[in-house]
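Dumped my_file.cif below, it's mmCIF, C-alpha atoms:
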data_final
loop_
_atom_site.group_PDB
_atom_site.id
_atom_site.type_symbol
_atom_site.label_atom_id
_atom_site.label_comp_id
_atom_site.auth_asym_id
_atom_site.auth_seq_id
_atom_site.Cartn_x
_atom_site.Cartn_y
_atom_site.Cartn_z
ATOM 1 C CA MET A 1 28.300 13.930 -30.443
ATOM 2 C CA ALA A 2 26.176 11.530 -28.412
ATOM 3 C CA ARG A 3 22.411 11.751 -28.766
ATOM 4 C CA THR A 4 20.364 12.579 -25.701
ATOM 5 C CA ARG A 5 18.174 9.832 -24.324
ATOM 6 C CA GLU A 6 14.582 10.258 -25.442
ATOM 7 C CA PHE A 7 12.890 8.158 -22.782
ATOM 8 C CA ASP A 8 12.642 8.089 -19.007
ATOM 9 C CA VAL A 9 14.818 5.212 -17.750
ATOM 10 C CA ASP A 10 12.932 4.903 -14.446
ATOM 11 C CA LYS A 11 9.539 4.694 -16.169
ATOM 12 C CA ALA A 12 10.974 2.219 -18.656
ATOM 13 C CA THR A 13 12.304 0.125 -15.764
ATOM 14 C CA ASP A 14 8.854 0.096 -14.168
ATOM 15 C CA ARG A 15 7.267 -0.992 -17.443
ATOM 16 C CA ALA A 16 9.865 -3.715 -17.919
ATOM 17 C CA MET A 17 9.358 -4.836 -14.315
ATOM 18 C CA ASP A 18 5.648 -5.221 -14.977
ATOM 19 C CA LEU A 19 6.354 -7.240 -18.116
ATOM 20 C CA PHE A 20 8.825 -9.536 -16.340
ATOM 21 C CA TRP A 21 6.359 -9.881 -13.486
ATOM 22 C CA ARG A 22 3.533 -10.925 -15.804
ATOM 23 C CA ARG A 23 5.525 -13.207 -18.089
ATOM 24 C CA GLY A 24 8.635 -14.247 -16.211
ATOM 25 C CA TYR A 25 12.237 -13.796 -17.261
ATOM 26 C CA ALA A 26 12.519 -16.689 -19.700
ATOM 27 C CA GLU A 27 9.226 -15.928 -21.439
ATOM 28 C CA THR A 28 10.115 -12.260 -21.967
ATOM 29 C CA SER A 29 12.171 -11.805 -25.099
ATOM 30 C CA LEU A 30 14.320 -8.846 -26.012
ATOM 31 C CA GLN A 31 11.787 -8.080 -28.748
ATOM 32 C CA ASP A 32 9.002 -8.053 -26.123
ATOM 33 C CA LEU A 33 11.002 -5.557 -24.069
ATOM 34 C CA LEU A 34 11.734 -3.319 -27.059
ATOM 35 C CA GLN A 35 8.050 -3.295 -27.963
ATOM 36 C CA GLU A 36 6.882 -2.673 -24.383
ATOM 37 C CA LEU A 37 9.366 0.149 -23.884
ATOM 38 C CA SER A 38 8.885 1.568 -27.394
ATOM 39 C CA ILE A 39 12.635 1.870 -27.962
ATOM 40 C CA GLY A 40 15.175 0.514 -30.408
ATOM 41 C CA SER A 41 17.846 -2.009 -29.583
ATOM 42 C CA GLY A 42 20.614 0.623 -29.574
ATOM 43 C CA SER A 43 18.775 2.698 -26.972
ATOM 44 C CA PHE A 44 18.028 -0.435 -24.978
ATOM 45 C CA TYR A 45 21.666 -1.547 -24.827
ATOM 46 C CA ALA A 46 22.879 1.980 -24.076
ATOM 47 C CA ALA A 47 20.436 2.340 -21.173
ATOM 48 C CA PHE A 48 20.349 -1.168 -19.713
ATOM 49 C CA GLY A 49 23.270 -3.188 -21.072
ATOM 50 C CA SER A 50 21.416 -6.472 -21.496
ATOM 51 C CA LYS A 51 18.161 -8.239 -20.728
ATOM 52 C CA GLU A 52 19.722 -9.758 -17.615
ATOM 53 C CA GLN A 53 21.029 -6.396 -16.401
ATOM 54 C CA LEU A 54 17.586 -4.866 -16.894
ATOM 55 C CA TYR A 55 16.035 -7.784 -15.006
ATOM 56 C CA VAL A 56 18.397 -7.240 -12.080
ATOM 57 C CA ARG A 57 17.576 -3.533 -12.176
ATOM 58 C CA CYS A 58 13.866 -4.433 -12.046
ATOM 59 C CA LEU A 59 14.481 -6.737 -9.075
ATOM 60 C CA GLU A 60 16.366 -3.931 -7.325
ATOM 61 C CA ARG A 61 13.468 -1.549 -7.959
ATOM 62 C CA TYR A 62 10.908 -4.085 -6.740
ATOM 63 C CA THR A 63 12.836 -4.897 -3.562
ATOM 64 C CA SER A 64 13.358 -1.204 -2.877
ATOM 65 C CA LEU A 65 9.614 -0.541 -3.096
ATOM 66 C CA GLN A 66 8.670 -3.640 -1.121
ATOM 67 C CA GLY A 67 11.377 -2.987 1.466
ATOM 68 C CA SER A 68 10.148 0.571 1.991
ATOM 69 C CA ASP A 69 6.589 -0.670 2.488
ATOM 70 C CA LEU A 70 7.736 -3.361 4.917
ATOM 71 C CA GLN A 71 9.898 -0.955 6.889
ATOM 72 C CA GLU A 72 7.077 1.597 7.048
ATOM 73 C CA THR A 73 4.604 -1.002 8.326
ATOM 74 C CA LEU A 74 7.005 -2.329 10.946
ATOM 75 C CA ASP A 75 7.978 1.172 12.094
ATOM 76 C CA GLY A 76 4.471 2.571 11.920
ATOM 77 C CA THR A 77 2.777 0.541 14.636
ATOM 78 C CA THR A 78 3.118 0.345 18.373
ATOM 79 C CA GLY A 79 2.824 -3.426 18.598
ATOM 80 C CA ILE A 80 4.777 -6.160 16.849
ATOM 81 C CA ARG A 81 1.863 -8.574 16.526
ATOM 82 C CA PRO A 82 -0.412 -6.119 14.674
ATOM 83 C CA ALA A 83 2.508 -5.081 12.472
ATOM 84 C CA VAL A 84 3.453 -8.647 11.528
ATOM 85 C CA ARG A 85 -0.206 -9.556 10.995
ATOM 86 C CA LYS A 86 -0.623 -6.503 8.739
ATOM 87 C CA VAL A 87 2.447 -7.445 6.686
ATOM 88 C CA LEU A 88 1.341 -11.038 6.223
ATOM 89 C CA THR A 89 -2.301 -10.175 5.602
ATOM 90 C CA SER A 90 -1.382 -7.623 2.940
ATOM 91 C CA MET A 91 0.563 -10.295 1.058
ATOM 92 C CA ILE A 92 -2.284 -12.785 1.342
ATOM 93 C CA GLU A 93 -4.773 -10.184 0.104
ATOM 94 C CA ALA A 94 -2.527 -9.245 -2.819
ATOM 95 C CA ASP A 95 -2.286 -12.880 -3.872
ATOM 96 C CA LEU A 96 -6.034 -13.435 -3.494
ATOM 97 C CA ALA A 97 -6.684 -10.371 -5.664
ATOM 98 C CA GLU A 98 -4.142 -11.345 -8.349
ATOM 99 C CA PRO A 99 -2.993 -14.955 -7.858
ATOM 100 C CA THR A 100 -1.116 -15.105 -11.140
ATOM 101 C CA ARG A 101 1.041 -12.089 -10.266
ATOM 102 C CA GLY A 102 2.603 -13.312 -7.044
ATOM 103 C CA CYS A 103 5.920 -11.956 -5.827
ATOM 104 C CA LEU A 104 8.622 -10.955 -8.303
ATOM 105 C CA VAL A 105 11.383 -12.120 -5.940
ATOM 106 C CA VAL A 106 9.765 -15.541 -5.505
ATOM 107 C CA SER A 107 9.384 -15.826 -9.273
ATOM 108 C CA ALA A 108 12.993 -14.804 -9.760
ATOM 109 C CA SER A 109 14.188 -17.349 -7.229
ATOM 110 C CA THR A 110 12.510 -20.149 -9.151
ATOM 111 C CA GLN A 111 13.382 -18.917 -12.655
ATOM 112 C CA CYS A 112 16.888 -17.508 -12.516
ATOM 113 C CA GLY A 113 19.100 -20.172 -11.039
ATOM 114 C CA GLU A 114 21.341 -19.927 -14.069
ATOM 115 C CA GLN A 115 21.882 -16.184 -13.679
ATOM 116 C CA PRO A 116 24.227 -15.379 -10.798
ATOM 117 C CA SER A 117 23.430 -11.658 -10.716
ATOM 118 C CA ALA A 118 19.673 -12.293 -10.442
ATOM 119 C CA ALA A 119 20.253 -15.028 -7.861
ATOM 120 C CA ASP A 120 22.436 -12.627 -5.878
ATOM 121 C CA ARG A 121 19.680 -9.983 -5.988
ATOM 122 C CA VAL A 122 17.169 -12.539 -4.669
ATOM 123 C CA THR A 123 19.497 -13.388 -1.776
ATOM 124 C CA ILE A 124 19.885 -9.694 -0.971
ATOM 125 C CA ALA A 125 16.094 -9.251 -1.011
ATOM 126 C CA VAL A 126 15.502 -12.191 1.317
ATOM 127 C CA ARG A 127 18.202 -10.972 3.710
ATOM 128 C CA GLN A 128 16.666 -7.487 3.645
ATOM 129 C CA VAL A 129 13.283 -8.853 4.762
ATOM 130 C CA GLU A 130 15.005 -10.875 7.472
ATOM 131 C CA SER A 131 16.909 -7.805 8.666
ATOM 132 C CA PHE A 132 13.811 -5.585 8.830
ATOM 133 C CA LEU A 133 11.880 -8.235 10.726
ATOM 134 C CA ALA A 134 14.758 -8.982 13.100
ATOM 135 C CA GLY A 135 15.145 -5.286 13.911
ATOM 136 C CA ALA A 136 11.433 -4.919 14.637
ATOM 137 C CA LEU A 137 11.407 -8.083 16.746
ATOM 138 C CA GLU A 138 14.451 -6.948 18.726
ATOM 139 C CA GLN A 139 12.747 -3.637 19.459
ATOM 140 C CA ALA A 140 9.566 -5.470 20.459
ATOM 141 C CA GLN A 141 11.564 -7.667 22.805
ATOM 142 C CA ALA A 142 13.176 -4.593 24.373
ATOM 143 C CA ARG A 143 9.657 -3.151 24.924
ATOM 144 C CA GLY A 144 8.570 -6.405 26.595
ATOM 145 C CA GLU A 145 6.226 -7.482 23.780
ATOM 146 C CA LEU A 146 8.241 -10.573 22.968
ATOM 147 C CA SER A 147 9.308 -13.163 25.493
ATOM 148 C CA PRO A 148 12.992 -12.985 26.501
ATOM 149 C CA ASP A 149 13.376 -16.671 25.599
ATOM 150 C CA LYS A 150 12.569 -15.930 21.931
ATOM 151 C CA ASP A 151 15.422 -15.341 19.505
ATOM 152 C CA PRO A 152 14.450 -12.391 17.256
ATOM 153 C CA ARG A 153 16.820 -13.491 14.473
ATOM 154 C CA GLU A 154 15.395 -17.029 14.419
ATOM 155 C CA LEU A 155 11.846 -15.666 14.398
ATOM 156 C CA ALA A 156 12.773 -13.298 11.575
ATOM 157 C CA ARG A 157 14.156 -16.199 9.547
ATOM 158 C CA PHE A 158 11.022 -18.233 10.176
ATOM 159 C CA LEU A 159 8.772 -15.325 9.153
ATOM 160 C CA THR A 160 10.895 -14.611 6.079
ATOM 161 C CA THR A 161 10.560 -18.249 5.041
ATOM 162 C CA PHE A 162 6.841 -18.146 5.788
ATOM 163 C CA ILE A 163 6.447 -15.034 3.612
ATOM 164 C CA GLN A 164 8.102 -16.752 0.655
ATOM 165 C CA GLY A 165 5.976 -19.846 1.186
ATOM 166 C CA ILE A 166 2.706 -17.961 1.525
ATOM 167 C CA ARG A 167 3.464 -16.125 -1.728
ATOM 168 C CA ILE A 168 3.997 -19.438 -3.538
ATOM 169 C CA VAL A 169 0.854 -20.937 -2.034
ATOM 170 C CA GLY A 170 -1.051 -17.815 -3.051
ATOM 171 C CA GLN A 171 -0.067 -18.379 -6.656
ATOM 172 C CA ALA A 172 -1.287 -21.961 -6.303
ATOM 173 C CA ARG A 173 -4.735 -20.500 -5.555
ATOM 174 C CA THR A 174 -5.265 -22.457 -2.368
ATOM 175 C CA GLY A 175 -7.755 -19.857 -1.167
ATOM 176 C CA ARG A 176 -8.437 -17.638 1.794
ATOM 177 C CA GLU A 177 -9.143 -20.361 4.366
ATOM 178 C CA PHE A 178 -5.845 -22.108 3.653
ATOM 179 C CA ALA A 179 -3.879 -18.865 3.918
ATOM 180 C CA GLU A 180 -5.656 -17.670 7.058
ATOM 181 C CA ASP A 181 -5.115 -21.014 8.805
ATOM 182 C CA ALA A 182 -1.410 -20.804 7.986
ATOM 183 C CA LEU A 183 -1.330 -17.184 9.161
ATOM 184 C CA SER A 184 -2.836 -18.179 12.525
ATOM 185 C CA VAL A 185 -0.103 -20.753 13.089
ATOM 186 C CA ALA A 186 2.632 -18.305 12.039
ATOM 187 C CA MET A 187 1.335 -15.678 14.450
ATOM 188 C CA ARG A 188 1.570 -18.172 17.337
ATOM 189 C CA ALA A 189 5.337 -18.209 16.832
ATOM 190 C CA LEU A 190 5.341 -14.744 18.427
ATOM 191 C CA ASP A 191 3.601 -15.995 21.613
#
This structure in structure tokens:
Amino acid sequence: MARTREFDVDKATDRAMDLFWRRGYAETSLQDLLQELSIGSGSFYAAFGSKEQLYVRCLERYTSLQGSDLQETLDGTTGIRPAVRKVLTSMIEADLAEPTRGCLVVSASTQCGEQPSAADRVTIAVRQVESFLAGALEQAQARGELSPDKDPRELARFLTTFIQGIRIVGQARTGREFAEDALSVAMRALD
């Protein structure tokens, strides 16, 4: 008879996500994960399969949370410019508060080139951001907030690229002035 699981898989995923986020994939050993989650290797393999599968699960959890926040911000305002500014400013503020933490997806994109499943999850995350932004920009254009000569999909791709770049620059500790200057230029793309 199989034993019942004695730990909460979702809470364990969140704890593992935090560990991967702090240390990175390569610097997080299986032993580190077992210690952080307070479980044995048998329970680990039964619940998560492998370190890489757990990492992908953590990326999925992170992108789900971030995607929900992004969608809520874009849907929760009446104007596209304040919404985009709020999204970008929140990322800048997060990086200023904790520059070593950065973005888990950005970290994954630079650390997991050898792992197809993690690389695939990064691509999905980037496309999700692009899709949310494109949808909001299309709606803004329909409301007359965005010039008809602007291509919402192109703007979404630019902003998605800008988001990834600003997260990297935030980890480089370039400071508030640098980030705010870049933000001002990015916002002019909506004019």
For stretch 172-189 of chain A, I'd like the enclosing box, axis-aligned and padded by 8 Å on every side, reported as AutoDock Vina command-line options with centre and edge lengths in Å to one decimal.
--center_x -1.9 --center_y -19.1 --center_z 5.5 --size_x 30.5 --size_y 22.8 --size_z 39.6
message: Can you tell me which residues surround stretch 162-172 of chain A at a distance of at most 8 Å, considering all atoms listed in the file, apart from same-chain residues fewer than 6 positions away, and format the answer as a PyMOL selection string?
response: chain A and resi 88+91-92+95-96+99-103+106+179+186
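The coordinates place atom CA of A:Arg23 at 28.0 Å from atom CA of A:Ala182.
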message: Rounded to one decimal, what separation in Å do you get between atom CA of A:Ser38 and atom CA of A:Gly24?
response: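 So the two atoms, atom CA of A:Ser38 and atom CA of A:Gly24, lie 19.4 Å apart.
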query: In Å, with one decimal, what is the gap from atom CA of A:Ala94 to atom CA of A:Asp10?
result: 24.0 Å
query: Using only C-alpha atoms, which residue out of A:Val87, A:Ala26, A:Ala16, A:Leu37 lies closest to A:Gln66?
result: A:Val87
